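Asks: Structure file my_file29.txt (compact mmCIF, C-alpha atoms and all ligand atoms) is given on the next line.
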```txt
# COMPACT_ATOMS: atom_id res chain seq x y z
CA MET A 1290 125.42 109.51 107.71
CA VAL A 1291 124.08 113.05 107.81
CA THR A 1292 124.40 115.20 104.69
CA GLN A 1293 124.79 118.76 105.92
CA MET A 1294 124.72 120.56 102.61
CA GLU A 1295 121.60 121.40 100.65
CA PRO A 1296 121.24 119.41 97.41
CA LYS A 1297 123.28 120.67 94.50
CA GLU A 1298 121.24 121.94 91.57
CA ALA A 1299 121.84 120.68 88.03
CA GLU A 1300 120.32 121.57 84.69
CA ILE A 1301 118.26 119.03 82.76
CA PRO A 1302 118.82 118.78 78.99
CA PRO A 1303 116.40 120.98 77.03
CA LEU A 1304 113.08 119.72 75.74
CA SER A 1305 114.48 119.62 72.22
CA THR A 1306 116.64 116.63 73.32
CA LEU A 1307 113.51 114.59 73.87
CA LEU A 1308 112.05 115.52 70.53
CA THR A 1309 115.23 114.59 68.69
CA SER A 1310 116.28 111.47 70.65
CA PRO A 1311 114.96 108.05 69.55
CA ARG A 1312 111.63 107.10 71.13
CA TRP A 1313 112.02 104.34 73.70
CA TRP A 1314 108.23 104.09 74.03
CA SER A 1315 105.39 102.84 71.79
CA SER A 1316 101.63 102.33 72.02
CA ASP A 1317 102.44 99.25 74.17
CA THR A 1318 103.97 101.54 76.78
CA VAL A 1319 101.49 101.97 79.64
CA ALA A 1320 101.24 105.06 81.83
CA VAL A 1321 98.94 105.61 84.82
CA VAL A 1322 98.14 109.13 86.03
CA THR A 1323 96.26 109.78 89.28
CA GLY A 1324 93.88 112.68 89.88
CA ALA A 1325 93.58 113.22 86.15
CA ASN A 1326 90.03 114.46 85.56
CA LYS A 1327 91.28 118.07 85.56
CA GLY A 1328 94.27 120.34 86.10
CA ILE A 1329 97.86 119.22 85.55
CA GLY A 1330 96.92 115.50 85.70
CA PHE A 1331 94.41 115.84 82.86
CA ALA A 1332 96.88 117.86 80.77
CA MET A 1333 99.52 115.26 81.42
CA VAL A 1334 97.31 112.37 80.28
CA LYS A 1335 96.62 114.33 77.11
CA ARG A 1336 100.31 115.04 76.47
CA LEU A 1337 101.42 111.44 77.10
CA ALA A 1338 98.64 110.12 74.87
CA GLN A 1339 99.62 112.60 72.16
CA MET A 1340 103.18 111.26 72.43
CA GLY A 1341 101.77 107.82 71.59
CA LEU A 1342 101.60 105.98 74.91
CA THR A 1343 98.57 104.09 76.20
CA VAL A 1344 97.40 106.11 79.17
CA VAL A 1345 95.12 105.21 82.06
CA LEU A 1346 93.29 108.29 83.30
CA THR A 1347 92.22 107.75 86.89
CA ALA A 1348 89.90 109.90 89.01
CA ARG A 1349 88.14 109.51 92.34
CA ASP A 1350 84.78 110.44 90.84
CA ASN A 1351 83.38 108.13 88.17
CA ASP A 1352 81.38 110.74 86.24
CA ARG A 1353 84.16 113.33 86.18
CA GLY A 1354 86.66 110.68 85.12
CA ILE A 1355 84.49 109.30 82.32
CA LYS A 1356 83.72 112.80 81.02
CA ALA A 1357 87.44 113.68 80.94
CA THR A 1358 88.31 110.40 79.22
CA GLU A 1359 85.61 110.83 76.59
CA SER A 1360 86.80 114.33 75.78
CA LEU A 1361 90.28 112.94 75.03
CA ARG A 1362 88.95 109.96 73.09
CA SER A 1363 86.93 112.35 70.93
CA GLU A 1364 90.29 113.81 69.89
CA GLY A 1365 91.40 110.33 68.79
CA LEU A 1366 93.66 109.71 71.80
CA HIS A 1367 94.19 106.25 73.29
CA VAL A 1368 93.02 106.72 76.87
CA GLN A 1369 91.35 104.30 79.28
CA PHE A 1370 89.56 105.16 82.50
CA SER A 1371 89.53 103.55 85.91
CA LYS A 1372 88.16 104.94 89.16
CA LEU A 1373 90.80 105.46 91.83
CA ASP A 1374 90.55 107.35 95.11
CA VAL A 1375 94.13 107.39 96.38
CA SER A 1376 93.02 108.23 99.93
CA ASP A 1377 91.10 104.94 100.18
CA ALA A 1378 93.02 101.67 100.56
CA ALA A 1379 90.04 99.64 99.23
CA SER A 1380 89.90 101.83 96.11
CA ILE A 1381 93.63 101.28 95.53
CA GLU A 1382 93.09 97.52 95.89
CA GLY A 1383 90.17 97.63 93.42
CA PHE A 1384 92.23 99.62 90.94
CA VAL A 1385 95.16 97.21 91.15
CA SER A 1386 92.79 94.26 90.43
CA TRP A 1387 91.37 96.14 87.44
CA PHE A 1388 94.87 96.97 86.24
CA THR A 1389 96.04 93.35 86.58
CA GLU A 1390 93.11 92.11 84.50
CA ASN A 1391 93.40 94.78 81.82
CA PHE A 1392 97.15 95.42 81.53
CA GLY A 1393 99.43 93.52 83.87
CA ALA A 1394 102.52 95.59 83.01
CA LEU A 1395 103.28 99.20 83.81
CA ASP A 1396 105.97 101.57 82.49
CA VAL A 1397 105.12 105.01 83.91
CA LEU A 1398 103.31 105.97 87.11
CA VAL A 1399 102.52 109.63 87.73
CA ASN A 1400 101.41 110.28 91.30
CA ASN A 1401 99.63 113.58 90.68
CA ALA A 1402 96.44 113.54 92.81
CA ALA A 1403 96.53 115.91 95.75
CA VAL A 1404 94.39 118.23 97.85
CA SER A 1405 94.80 121.49 99.68
CA PHE A 1406 91.95 123.12 101.56
CA ASN A 1407 93.56 126.54 102.03
CA ASP A 1408 93.00 129.71 100.04
CA LEU A 1409 96.28 131.21 98.81
CA TYR A 1410 97.17 133.18 101.94
CA ASP A 1411 95.41 131.00 104.55
CA ASN A 1412 97.11 128.45 106.73
CA SER A 1413 94.56 126.27 108.49
CA VAL A 1414 95.36 122.66 109.43
CA ASP A 1415 91.72 121.69 109.98
CA HIS A 1416 91.97 119.09 107.19
CA ALA A 1417 95.50 117.89 107.99
CA ASP A 1418 94.44 114.23 108.23
CA THR A 1419 92.90 114.23 104.75
CA VAL A 1420 95.81 116.19 103.27
CA ILE A 1421 98.47 113.81 104.63
CA ARG A 1422 96.40 110.73 103.77
CA THR A 1423 95.81 111.89 100.18
CA ASN A 1424 99.12 113.55 99.31
CA PHE A 1425 101.59 111.26 101.09
CA TYR A 1426 100.00 107.93 102.05
CA GLY A 1427 98.02 107.80 98.76
CA PRO A 1428 101.06 107.82 96.43
CA LYS A 1429 103.00 105.58 98.83
CA LEU A 1430 100.29 102.88 99.07
CA LEU A 1431 99.56 102.98 95.34
CA THR A 1432 103.24 102.80 94.41
CA GLU A 1433 103.88 99.85 96.73
CA ALA A 1434 100.81 98.04 95.35
CA LEU A 1435 101.91 98.61 91.73
CA LEU A 1436 105.63 97.83 92.18
CA PRO A 1437 105.28 94.16 91.13
CA PHE A 1438 103.78 95.26 87.79
CA PHE A 1439 106.55 97.57 86.59
CA ARG A 1440 108.35 96.30 83.52
CA ARG A 1441 112.05 95.88 84.36
CA CYS A 1442 113.52 96.41 80.94
CA PRO A 1443 117.05 97.85 80.71
CA SER A 1444 116.36 99.38 77.29
CA SER A 1445 113.54 101.57 78.56
CA ASN A 1446 113.58 101.75 82.36
CA SER A 1447 110.26 102.21 84.15
CA ARG A 1448 109.56 105.53 85.80
CA ILE A 1449 107.72 106.89 88.82
CA LEU A 1450 107.15 110.66 88.80
CA ASN A 1451 105.75 112.16 91.98
CA ILE A 1452 104.18 115.57 91.42
CA SER A 1453 105.36 117.49 94.43
CA SER A 1454 106.06 121.06 95.51
CA ARG A 1455 108.91 123.29 96.51
CA LEU A 1456 106.80 124.07 99.59
CA GLY A 1457 107.90 120.60 100.69
CA SER A 1458 111.64 121.14 100.25
CA PHE A 1459 113.54 119.85 103.27
CA ASN A 1460 114.96 123.32 103.93
CA LYS A 1461 111.42 124.58 104.73
CA VAL A 1462 111.55 122.43 107.89
CA LYS A 1463 113.03 124.57 110.68
CA ASN A 1464 113.05 121.81 113.30
CA GLN A 1465 116.72 120.78 113.20
CA SER A 1466 116.38 117.16 114.31
CA ILE A 1467 113.61 116.45 111.79
CA ARG A 1468 115.52 118.23 109.03
CA GLN A 1469 118.68 116.25 109.76
CA MET A 1470 116.70 113.03 109.72
CA LEU A 1471 115.23 113.95 106.31
CA GLN A 1472 118.65 114.81 104.92
CA SER A 1473 120.30 111.65 106.18
CA ASP A 1474 121.28 109.02 103.64
CA ASP A 1475 119.94 106.45 106.11
CA LEU A 1476 116.39 107.87 106.17
CA THR A 1477 113.72 105.12 106.37
CA VAL A 1478 110.02 104.95 105.53
CA ASP A 1479 109.27 104.32 109.22
CA GLN A 1480 110.99 107.60 110.08
CA ILE A 1481 108.98 109.47 107.41
CA GLU A 1482 105.75 108.04 108.81
CA ALA A 1483 106.84 108.99 112.33
CA ILE A 1484 107.45 112.58 111.14
CA ALA A 1485 104.00 112.68 109.49
CA GLY A 1486 102.49 111.25 112.69
CA GLN A 1487 104.29 113.82 114.85
CA PHE A 1488 102.90 116.63 112.67
CA LEU A 1489 99.35 115.23 112.80
CA GLU A 1490 99.56 114.96 116.57
CA SER A 1491 100.64 118.61 116.86
CA ALA A 1492 97.91 119.67 114.39
CA GLY A 1493 95.41 117.78 116.55
CA ASP A 1494 96.44 119.31 119.88
CA GLY A 1495 97.03 122.81 118.46
CA THR A 1496 100.82 122.95 119.12
CA TRP A 1497 101.90 122.80 115.45
CA LYS A 1498 102.76 126.50 115.13
CA ALA A 1499 105.74 126.13 117.49
CA GLY A 1500 106.94 122.87 115.91
CA GLY A 1501 109.35 124.22 113.29
CA TRP A 1502 107.15 122.96 110.44
CA PRO A 1503 107.04 124.76 107.04
CA GLU A 1504 105.27 128.09 107.40
CA VAL A 1505 103.25 128.26 104.17
CA TRP A 1506 100.27 125.89 103.66
CA THR A 1507 101.73 123.85 106.53
CA ASP A 1508 99.71 120.63 106.24
CA TYR A 1509 100.13 120.51 102.45
CA ALA A 1510 103.85 121.35 102.77
CA VAL A 1511 104.39 118.55 105.32
CA SER A 1512 102.58 116.11 102.98
CA LYS A 1513 104.99 117.09 100.19
CA VAL A 1514 108.02 116.92 102.52
CA ALA A 1515 106.95 113.34 103.25
CA LEU A 1516 106.41 112.61 99.54
CA ASN A 1517 109.86 113.99 98.67
CA ALA A 1518 111.40 111.95 101.46
CA TYR A 1519 109.60 108.82 100.26
CA THR A 1520 110.89 109.50 96.73
CA LYS A 1521 114.43 109.62 98.09
CA VAL A 1522 114.10 106.36 100.05
CA LEU A 1523 112.36 104.50 97.21
CA ALA A 1524 114.88 105.70 94.62
CA LYS A 1525 117.66 104.30 96.79
CA ARG A 1526 115.83 100.99 97.24
CA LEU A 1527 115.21 100.63 93.48
CA ARG A 1528 118.58 101.91 92.23
CA GLY A 1529 119.92 99.54 89.56
CA LYS A 1530 116.61 97.62 89.48
CA GLY A 1531 115.09 99.17 86.36
CA ILE A 1532 112.81 101.79 87.93
CA SER A 1533 113.69 105.46 88.34
CA VAL A 1534 111.87 107.54 90.95
CA ASN A 1535 111.84 111.33 90.86
CA CYS A 1536 109.69 114.22 91.93
CA PHE A 1537 108.71 117.40 90.17
CA CYS A 1538 107.38 120.78 91.25
CA PRO A 1539 105.34 122.31 88.43
CA GLY A 1540 105.53 125.80 89.95
CA PHE A 1541 102.63 128.17 90.51
CA THR A 1542 100.03 126.90 88.01
CA GLN A 1543 96.51 128.06 87.15
CA THR A 1544 94.32 125.21 88.45
CA SER A 1545 91.52 124.66 90.97
CA MET A 1546 94.14 124.22 93.68
CA THR A 1547 95.29 127.85 93.26
CA ARG A 1548 91.73 129.10 92.51
CA GLY A 1549 92.88 129.75 88.94
CA LYS A 1550 95.91 131.87 89.90
CA GLY A 1551 99.42 131.11 88.69
CA SER A 1552 102.21 132.03 86.32
CA LYS A 1553 101.58 129.20 83.86
CA THR A 1554 98.80 127.02 82.49
CA ALA A 1555 98.24 123.38 83.36
CA GLU A 1556 99.26 122.52 79.78
CA GLU A 1557 102.61 124.30 80.18
CA ALA A 1558 103.30 122.50 83.46
CA ALA A 1559 102.25 119.16 81.95
CA GLU A 1560 104.51 119.65 78.95
CA VAL A 1561 107.55 119.67 81.24
CA ALA A 1562 106.21 116.85 83.43
CA ALA A 1563 105.58 114.64 80.37
CA TRP A 1564 109.07 115.35 79.12
CA LEU A 1565 110.55 114.32 82.50
CA ALA A 1566 108.50 111.12 82.41
CA LEU A 1567 109.86 110.35 78.94
CA LEU A 1568 113.55 111.24 79.41
CA PRO A 1569 115.86 108.92 77.45
CA PRO A 1570 116.79 105.70 79.34
CA GLU A 1571 120.52 106.34 78.96
CA GLY A 1572 121.72 108.10 82.11
CA LEU A 1573 118.15 108.41 83.42
CA PRO A 1574 118.30 110.30 86.75
CA THR A 1575 116.77 108.84 89.91
CA GLY A 1576 116.19 110.32 93.37
CA ASN A 1577 116.01 113.82 91.90
CA PHE A 1578 113.77 116.79 92.54
CA PHE A 1579 112.96 118.70 89.35
CA THR A 1580 111.63 122.23 89.36
CA CYS A 1581 109.85 123.90 86.50
CA SER A 1582 112.21 126.83 86.04
CA LYS A 1583 113.82 127.59 82.70
CA PRO A 1584 116.06 125.71 82.26
CA VAL A 1585 114.59 122.91 84.34
CA ILE A 1586 116.68 122.45 87.46
CA SER A 1587 117.28 119.13 89.16
CA SER A 1588 118.51 118.70 92.75
CA LYS A 1589 119.53 115.44 94.40
CA LEU A 1590 117.10 114.68 97.23
P1 LIG A 1601 93.74 120.36 90.86
O1 LIG A 1601 93.01 120.67 92.12
O2 LIG A 1601 93.32 121.03 89.60
O3 LIG A 1601 93.70 118.79 90.58
C1 LIG A 1601 93.87 117.86 91.60
C2 LIG A 1601 93.38 116.52 91.11
O4 LIG A 1601 93.55 115.57 92.16
C3 LIG A 1601 91.87 116.54 90.77
O5 LIG A 1601 91.65 115.73 89.65
C4 LIG A 1601 91.25 115.93 92.01
O6 LIG A 1601 89.99 115.30 91.76
C5 LIG A 1601 92.31 114.89 92.32
N1 LIG A 1601 92.17 114.32 93.66
C6 LIG A 1601 92.04 114.95 94.84
N2 LIG A 1601 91.91 114.04 95.82
C7 LIG A 1601 91.97 112.82 95.25
C8 LIG A 1601 91.90 111.50 95.73
N3 LIG A 1601 91.70 111.24 97.03
N4 LIG A 1601 92.01 110.48 94.85
C9 LIG A 1601 92.19 110.72 93.54
N5 LIG A 1601 92.22 111.95 93.01
C10 LIG A 1601 92.13 112.99 93.86
O7 LIG A 1601 95.27 120.64 91.20
P2 LIG A 1601 96.59 120.69 90.30
O8 LIG A 1601 96.32 120.17 88.94
O9 LIG A 1601 97.16 122.01 90.48
O10 LIG A 1601 97.50 119.67 91.11
C11 LIG A 1601 98.18 118.59 90.49
C12 LIG A 1601 99.44 118.32 91.28
O11 LIG A 1601 100.34 119.43 91.16
C13 LIG A 1601 99.22 118.13 92.77
O12 LIG A 1601 100.07 117.09 93.23
C14 LIG A 1601 99.66 119.44 93.36
O13 LIG A 1601 100.07 119.31 94.69
C15 LIG A 1601 100.81 119.80 92.44
N6 LIG A 1601 101.19 121.20 92.44
C16 LIG A 1601 100.35 122.16 91.94
C17 LIG A 1601 100.75 123.48 91.93
C18 LIG A 1601 99.90 124.56 91.38
O14 LIG A 1601 100.32 125.75 91.45
N7 LIG A 1601 98.73 124.28 90.82
C19 LIG A 1601 102.08 123.88 92.45
C20 LIG A 1601 102.87 122.80 92.95
C21 LIG A 1601 102.43 121.52 92.94
P3 LIG A 1601 88.57 116.04 92.02
O15 LIG A 1601 88.27 116.83 90.77
O16 LIG A 1601 87.65 114.90 92.24
O17 LIG A 1601 88.74 116.93 93.21
```
Written as structure tokens, how would this file's structure read?
Ligand code: NDP
Replies:
Amino acid sequence: MVTQMEPKEAEIPPLSTLLTSPRWWSSDTVAVVTGANKGIGFAMVKRLAQMGLTVVLTARDNDRGIKATESLRSEGLHVQFSKLDVSDAASIEGFVSWFTENFGALDVLVNNAAVSFNDLYDNSVDHADTVIRTNFYGPKLLTEALLPFFRRCPSSNSRILNISSRLGSFNKVKNQSIRQMLQSDDLTVDQIEAIAGQFLESAGDGTWKAGGWPEVWTDYAVSKVALNAYTKVLAKRLRGKGISVNCFCPGFTQTSMTRGKGSKTAEEAAEVAAWLALLPPEGLPTGNFFTCSKPVISSKL
């Protein structure tokens, strides 16, 4: 079935609801954050640890990851480190082995790691392969590998939060047949991978500009389109099975990715992201796209 209309937007309860509602989590609650040695990921590890969870800070570079972890431990926060390069299947496998030995059960996964090689107003696709591999296949492979470890507890509900971008909203895709496929309730992972493959082929042979792809930061936007689409398919697959899957656009944030430009700090973006990861289990949304406006807006994917 094809859904013609754009998703309807809904408001999310204010942050004060989280602070006043009973905590469903404890220090036994385990969260994993990818790409967390700096930027929004680092701020999110800090916020979740401050809220009292046990947090695994992961980073692709050992030294940067250890340094970030030690800085949080020196503040008395309960943070562990493990190396994880989400663009490398062997690194994902190594991380999952480490996680199995050290934890074995997972409550919150934040797929945050991502790359973009463009300056703000550039639009080169020279690194399209790396961008798609890191920003789409990375979260997908990691999520699939960690699925068996999620705690399926009705009183808490496990959560997957994919840090995405409005640049990857389906309405940025001008190619009608691809857009209809993305908006269909019958969308499959194979179709998403075919769309990513089609983009990479056109980036490779130089025909991408006429392909109806998103016009800003095209390779990054396509990676986030694919991540949003994967969120939608996975949420449907896991509905009623104790795991909610959502994505979140932090908005224009001052990090390395934006060369320090942006309308908010990484801490401000992480505050909202942490709140979304900790929403009360009752009526927990799934398959939603949250944006960091005030109030926070949620659209069904
Ligand atoms: P940063 O560039 O500051 O941080 C990105 C993080 O991802 C770094 O820790 C980086 O590690 C890590 N990373 C990159 N590649 C890999 C990899 N292969 N494996 C593991 N980690 C990796 O960016 P932000 O904090 O801004 O980005 C965080 C998320 O927010 C991203 O998903 C981004 O797309 C999203 N976002 C950001 C916006 C913004 O305005 N900043 C707007 C919308 C979305 P290293 O230090 O080693 O490079």
Asks: Tell me, in Å to one decimal, how far atom CA of Ser1454 of chain A is from atom CA of Pro1574 of chain A.
Replies: 18.5 Å
Asks: Produce as a PyMOL selection string the set of residues near ligand LIG 1601 (chain A), where near means within 7 Å with all atoms listed in the file considered.
Replies: chain A and resi 1323-1330+1348-1350+1373-1376+1401-1404+1423+1452-1454+1538-1547+1551+1555
Asks: May I ask for the distance between atom CA of Ala1332 of chain A and atom CA of Ser1444 of chain A, given in Å to one decimal place?
Replies: 27.1 Å
Asks: Give me the residues within 12 Å of Val1344 of chain A as a VMD selection string, counting only C-alpha atoms and dropping any in the same chain fewer than 3 places off.
Replies: chain A and resid 1315 to 1323 1325 1330 to 1341 1347 1358 1361 to 1362 1366 to 1371 1388 1392 1395 to 1399 1563
Asks: Could you give me, as a PyMOL selection string, the residues within 7 Å of Ser1512 of chain A, counting only C-alpha atoms and dropping anything in the same chain fewer than 5 positions from it?
Replies: chain A and resi 1420-1421+1424-1425
Asks: Would you compute the distance between atom CA of Lys1550 of chain A and atom CA of Val1345 of chain A? Give it in Å to one decimal.
Replies: 27.8 Å
Asks: Report as JSON lines: every residue of segment 1446-1471 of chain A with an atom at most 8 Å from segment 1494-1509 of chain A, its closest pair of atoms, and their distance in Å to one decimal, counting only C-alpha atoms, with rows sorted by chain and ascending residue number.
Replies:
```
{"residue": "A:Leu1456", "atom": "CA", "partner": "A:Val1505", "partner_atom": "CA", "distance": 7.2}
{"residue": "A:Gly1457", "atom": "CA", "partner": "A:Pro1503", "partner_atom": "CA", "distance": 7.6}
{"residue": "A:Lys1461", "atom": "CA", "partner": "A:Pro1503", "partner_atom": "CA", "distance": 5.0}
{"residue": "A:Val1462", "atom": "CA", "partner": "A:Trp1502", "partner_atom": "CA", "distance": 5.1}
{"residue": "A:Lys1463", "atom": "CA", "partner": "A:Gly1501", "partner_atom": "CA", "distance": 4.5}
{"residue": "A:Asn1464", "atom": "CA", "partner": "A:Gly1501", "partner_atom": "CA", "distance": 4.4}
```
Asks: Save the residues we just selected, C-alpha atoms, as an mmCIF file, in the coordinates of the input?
Replies:
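Written out: again03.cif:
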```cif
data_model
loop_
_atom_site.group_PDB
_atom_site.id
_atom_site.type_symbol
_atom_site.label_atom_id
_atom_site.label_comp_id
_atom_site.auth_asym_id
_atom_site.auth_seq_id
_atom_site.Cartn_x
_atom_site.Cartn_y
_atom_site.Cartn_z
ATOM 1 C CA LEU A 1456 106.800 124.070 99.590
ATOM 2 C CA GLY A 1457 107.900 120.600 100.690
ATOM 3 C CA LYS A 1461 111.420 124.580 104.730
ATOM 4 C CA VAL A 1462 111.550 122.430 107.890
ATOM 5 C CA LYS A 1463 113.030 124.570 110.680
ATOM 6 C CA ASN A 1464 113.050 121.810 113.300
#
```
Asks: Identify which of the residues A:Arg1448, A:Lys1530, A:Arg1440, A:Lys1553 lies closest to Pro1569 of chain A, counting only C-alpha atoms when measuring atom-to-atom distances.
Replies: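 Under the stated criterion, the closest residue is A:Arg1448.
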Asks: Calculated over only C-alpha atoms, which of the candidates A:Tyr1410, A:Pro1428, A:Ser1360, A:Leu1436 has the smallest distance to Ala1394 of chain A?
Replies: A:Leu1436
Asks: Which residue is closest to Leu1573 of chain A? Choose from A:Gly1493, A:Gly1549, A:Gly1383, A:Gly1529 and count only C-alpha atoms.
Replies: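 Ranked by minimum distance to Leu1573 of chain A, first place goes to A:Gly1529.
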Asks: Could you work out an axis-aligned box for segment 1368-1379 of chain A, taking every atom the file lists and adding 3 Å on each side, and report centre and edge lengths in Å to one decimal, as AutoDock Vina command-line options?
Replies:
```
--center_x 91.1 --center_y 103.9 --center_z 88.7 --size_x 12.0 --size_y 14.6 --size_z 29.7
```
Asks: What's around Ala1434 of chain A at 10 Å? Count only C-alpha atoms, leave out sequence neighbours fewer than 4 positions away in its own chain, and write the answer as a list of chain:residue names.
Replies: A:Ile1381, A:Glu1382, A:Phe1384, A:Val1385, A:Pro1428, A:Lys1429, A:Leu1430, A:Phe1438
Asks: Quick one: residues within 10 Å of Val1478 of chain A, only C-alpha atoms, excluding same-chain residues fewer than 5 positions away - as a list in words?
Replies: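 Final neighbour list, sorted by chain and number: Lys1429, Ala1483, Ile1484, Ala1515, Ala1518, Tyr1519, Thr1520, Lys1521, Val1522 and Leu1523 of chain A.
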Asks: Which is closest to Ile1532 of chain A among A:Gly1486, A:Pro1311, A:Pro1443, A:Gly1572, if we use only C-alpha atoms?
Replies: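 Looking only at the distances to Ile1532 of chain A, the closest residue turns out to be A:Pro1443.
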Asks: Given the choices A:Arg1528, A:Ala1492, A:Ala1357, A:Pro1303, which gets closest to Ser1413 of chain A if the distance is worked out from all atoms listed in the file?
Replies: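 Under the stated criterion, the closest residue is A:Ala1492.
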Asks: Rank nothing, just name the residue among A:Ser1447, A:Thr1554, A:Asn1407, A:Asn1460 nearest to Thr1575 of chain A, using all atoms listed in the file.
Replies: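 Smallest distance to Thr1575 of chain A is found for A:Ser1447.
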Asks: Got a sec: who's within 7 Å of Leu1450 of chain A, counting only C-alpha atoms, leaving out chain neighbours fewer than 4 positions off, as a list in words?
Replies: Leu1398, Val1399, Asn1400, Val1534, Asn1535, Cys1536 and Ala1566 of chain A
Asks: Just add N, CA and C atoms to segment 1490-1509 of chain A and send it as a JSON list (two decimals), in the frame of the given file.
Replies:
```json
[["chain", "number", "residue", "atom", "x", "y", "z"],
["A", 1490, "GLU", "N", 99.83, 114.84, 115.14],
["A", 1490, "GLU", "CA", 99.56, 114.96, 116.57],
["A", 1490, "GLU", "C", 99.55, 116.44, 116.98],
["A", 1491, "SER", "N", 100.55, 117.19, 116.47],
["A", 1491, "SER", "CA", 100.64, 118.61, 116.86],
["A", 1491, "SER", "C", 99.51, 119.42, 116.21],
["A", 1492, "ALA", "N", 99.06, 118.99, 115.01],
["A", 1492, "ALA", "CA", 97.91, 119.67, 114.39],
["A", 1492, "ALA", "C", 96.66, 119.39, 115.22],
["A", 1493, "GLY", "N", 96.57, 118.17, 115.76],
["A", 1493, "GLY", "CA", 95.41, 117.78, 116.55],
["A", 1493, "GLY", "C", 95.33, 118.49, 117.89],
["A", 1494, "ASP", "N", 96.50, 118.68, 118.55],
["A", 1494, "ASP", "CA", 96.44, 119.31, 119.88],
["A", 1494, "ASP", "C", 96.75, 120.81, 119.83],
["A", 1495, "GLY", "N", 96.89, 121.36, 118.61],
["A", 1495, "GLY", "CA", 97.03, 122.81, 118.46],
["A", 1495, "GLY", "C", 98.43, 123.35, 118.74],
["A", 1496, "THR", "N", 99.45, 122.47, 118.82],
["A", 1496, "THR", "CA", 100.82, 122.95, 119.12],
["A", 1496, "THR", "C", 101.68, 123.07, 117.87],
["A", 1497, "TRP", "N", 101.11, 122.88, 116.69],
["A", 1497, "TRP", "CA", 101.90, 122.80, 115.45],
["A", 1497, "TRP", "C", 102.65, 124.08, 115.12],
["A", 1498, "LYS", "N", 102.12, 125.23, 115.53],
["A", 1498, "LYS", "CA", 102.76, 126.50, 115.13],
["A", 1498, "LYS", "C", 104.17, 126.64, 115.71],
["A", 1499, "ALA", "N", 104.43, 126.01, 116.85],
["A", 1499, "ALA", "CA", 105.74, 126.13, 117.49],
["A", 1499, "ALA", "C", 106.65, 124.94, 117.13],
["A", 1500, "GLY", "N", 106.22, 124.13, 116.16],
["A", 1500, "GLY", "CA", 106.94, 122.87, 115.91],
["A", 1500, "GLY", "C", 108.06, 122.94, 114.90],
["A", 1501, "GLY", "N", 108.30, 124.13, 114.30],
["A", 1501, "GLY", "CA", 109.35, 124.22, 113.29],
["A", 1501, "GLY", "C", 108.95, 123.60, 111.96],
["A", 1502, "TRP", "N", 107.65, 123.50, 111.71],
["A", 1502, "TRP", "CA", 107.15, 122.96, 110.44],
["A", 1502, "TRP", "C", 107.18, 124.06, 109.37],
["A", 1503, "PRO", "N", 107.08, 123.73, 108.09],
["A", 1503, "PRO", "CA", 107.04, 124.76, 107.04],
["A", 1503, "PRO", "C", 105.93, 125.77, 107.33],
["A", 1504, "GLU", "N", 106.18, 127.03, 106.96],
["A", 1504, "GLU", "CA", 105.27, 128.09, 107.40],
["A", 1504, "GLU", "C", 104.15, 128.43, 106.41],
["A", 1505, "VAL", "N", 104.27, 127.97, 105.18],
["A", 1505, "VAL", "CA", 103.25, 128.26, 104.17],
["A", 1505, "VAL", "C", 102.47, 126.96, 103.87],
["A", 1506, "TRP", "N", 101.13, 127.06, 103.93],
["A", 1506, "TRP", "CA", 100.27, 125.89, 103.66],
["A", 1506, "TRP", "C", 100.85, 124.68, 104.41],
["A", 1507, "THR", "N", 100.93, 124.80, 105.74],
["A", 1507, "THR", "CA", 101.73, 123.85, 106.53],
["A", 1507, "THR", "C", 101.35, 122.39, 106.32],
["A", 1508, "ASP", "N", 100.05, 122.07, 106.36],
["A", 1508, "ASP", "CA", 99.71, 120.63, 106.24],
["A", 1508, "ASP", "C", 100.08, 120.09, 104.85],
["A", 1509, "TYR", "N", 99.79, 120.89, 103.83],
["A", 1509, "TYR", "CA", 100.13, 120.51, 102.45],
["A", 1509, "TYR", "C", 101.66, 120.39, 102.31]]
```
